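Each remark here refers to the structure printed beneath this line.
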Amino acid sequence: MKRKLLSMVLATAMVATALVGCGSSEEAAAPAEETTTEAAAEEEAPAEDTAAEEAPAEDAAAGGGKVGVAMPTKDLQRWNQDGSNMQAELEAAGYEVDLQYASNDIATQVSQIENMINSGCELLVIASIDGDSLGTVLEQAKEKNIPVIAYDRLIMNSDAVTYYATFDNYMVGTKQGEYIKDQLDLDNAAGPFNIELVTGDPGDNNARYFFGGAMDVLQPYIDEGKLVVKSGQVDFETVATANWATEAAQTRMDGIISANYADGTKLDAVMCSNDSTALGVTNSLEANYTGEWPIITGQDCDIANVKNMIDGKQSMSIFKDTRTLASKVVEMVDAIMQGGEAPVNDTETYDNGTGVIPSFLCEPVFADVNNYKELLIDSGYYTEADLQ
Ligand code: BGC
């Protein structure tokens, strides 16, 4: 592994990362529009065909080293942003990048990672599709001493995982739960209020943290009867949504509405763990529900959902600035490639089954119709035109 970076490049990169540090959403590292231009990378293109071919900036070339970046899918807006932000920043810091998307297909992701290992990647950054399916392929990484950073989603039951970088997933859930609690004024209002629950993919470790965080806030009110889940669907497996798919959330909501709310019964809130599921719920409500519009939570500030917030169809979302996470990961990559230790701020929370993985948790930010302009437009994440 080449570990030397020209000091100028390093200094520039460090200033850039400091500016876009975790918890801040102020600075624009890469405009969001660039995220739609990853055309070639999605399918099982061999490693050499990825966008990493472009020559790195002159000075930066001294950084050296090839980094594999494995992303789950292009279907969701955020992963496109994560991938392109990371590619741009890694290249600016002098690394060659092998960026791959796996169409949410586990076998594809495994073979992409295998290619990365065999084609000279010296470090892997992986946002897994299924946290439990990478153990075998990562044994090969471990044999070759290739460090692995789990990106956004923890890779489970593999001792090849060196670091984890994510947003505070539990906090995402508590912010969603607190929002519902505050909006319904659960501590003072008589209620009862009707609520339904929609979370994410059971193979995504994050989903349990999101759901757990929200339920730690909401469960006491369910227990005392102030919140009522009319469908009776409350346990994680039942309220999970395979692949976080909008269509699956919509279909499940169709069934819930026709069985419980078709007679005009008011639905007061739907706790959705992210925006793709919130979109499915919104679509279903628009088609099937005639009562007063419920509170709907979300996460990611996807364009379609921000538009829904502006239109009053979604109440809030959580903004996880992908530029922030990408910058932090580039900082971690740099530290590791230079033979040092990556910055972490949590060494207790995320045990992947082989022990606690040292983590860097970025802070998620509450977003609604009142602050979206400042968060998303003033910071350069979206343009006004994106949201029209
Ligand atoms: C991410 C969320 C995203 C979801 C679906 C989760 O692991 O943390 O931001 O909405 O996956 O892709």
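Order determines the names: the first chain of the structure tokens is A, the second B, and so forth; residues in each chain are numbered 1 upward, and ligands are numbered 1 upward as they are shown.
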query = Quick one: residues within 6 Å of ligand 1, with only C-alpha atoms and all ligand atoms, as a list in words?
reply = Asp152, Arg153, Asp204, Asn206, Trp244, Asn274 and Asp300 of chain A
Please dump the current selection as a PDB file, in the first residue's frame; keep N, CA and C atoms.
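Contents of the output file out.pdb:
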```pdb
ATOM      1  N   ASP A 152     -22.606   2.868   6.175  1.00  0.00           N
ATOM      2  CA  ASP A 152     -24.010   3.097   6.528  1.00  0.00           C
ATOM      3  C   ASP A 152     -24.678   1.881   7.195  1.00  0.00           C
ATOM      4  N   ARG A 153     -24.489   0.682   6.607  1.00  0.00           N
ATOM      5  CA  ARG A 153     -25.095  -0.530   7.164  1.00  0.00           C
ATOM      6  C   ARG A 153     -23.997  -1.432   7.709  1.00  0.00           C
ATOM      7  N   ASP A 204     -31.321  -5.685   6.827  1.00  0.00           N
ATOM      8  CA  ASP A 204     -30.554  -4.455   7.041  1.00  0.00           C
ATOM      9  C   ASP A 204     -30.547  -4.161   8.537  1.00  0.00           C
ATOM     10  N   ASN A 206     -29.656  -1.758  10.148  1.00  0.00           N
ATOM     11  CA  ASN A 206     -30.133  -0.405  10.491  1.00  0.00           C
ATOM     12  C   ASN A 206     -31.620  -0.407  10.838  1.00  0.00           C
ATOM     13  N   TRP A 244     -36.899  -2.549   1.435  1.00  0.00           N
ATOM     14  CA  TRP A 244     -37.383  -1.179   1.633  1.00  0.00           C
ATOM     15  C   TRP A 244     -38.238  -0.725   0.444  1.00  0.00           C
ATOM     16  N   ASN A 274     -38.437   5.130   6.669  1.00  0.00           N
ATOM     17  CA  ASN A 274     -37.676   5.903   5.671  1.00  0.00           C
ATOM     18  C   ASN A 274     -38.608   6.436   4.585  1.00  0.00           C
ATOM     19  N   ASP A 300     -34.373  10.404   4.838  1.00  0.00           N
ATOM     20  CA  ASP A 300     -33.485  10.555   3.672  1.00  0.00           C
ATOM     21  C   ASP A 300     -33.676  11.868   2.921  1.00  0.00           C
TER      22      ASP A 300
END
```
Top pick for closest residue to Pro72 of chain A, considering A:Thr265, A:Thr108, A:Ser359, A:Asn371 and counting only C-alpha atoms = A:Thr108
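Pairwise distance (atom CA of Gln81 of chain A, atom CA of Ile357 of chain A) equals 24.9 Å.
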inquiry  = Which residues are near Asn145 of chain A? Cut-off 10 Å, only C-alpha atoms, ignore same chain within fewer than 3 positions. Put them as a VMD selection string.
reply    = chain A and resid 122 to 123 139 to 142 148 160
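Across the structure, atom CA of Phe360 of chain A and atom CA of Ala326 of chain A are spaced 11.7 Å apart.
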task = Determine which residues of segment 160-308 of chain A DSSP labels as strand (DSSP E) from the backbone of this structure, then write them out as a ChimeraX atom specification.
result = /A:161-167,193-198,227-228,269-272,295-296
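Of note, atom CA of Val281 of chain A and atom CA of Lys313 of chain A are spaced 10.2 Å apart.
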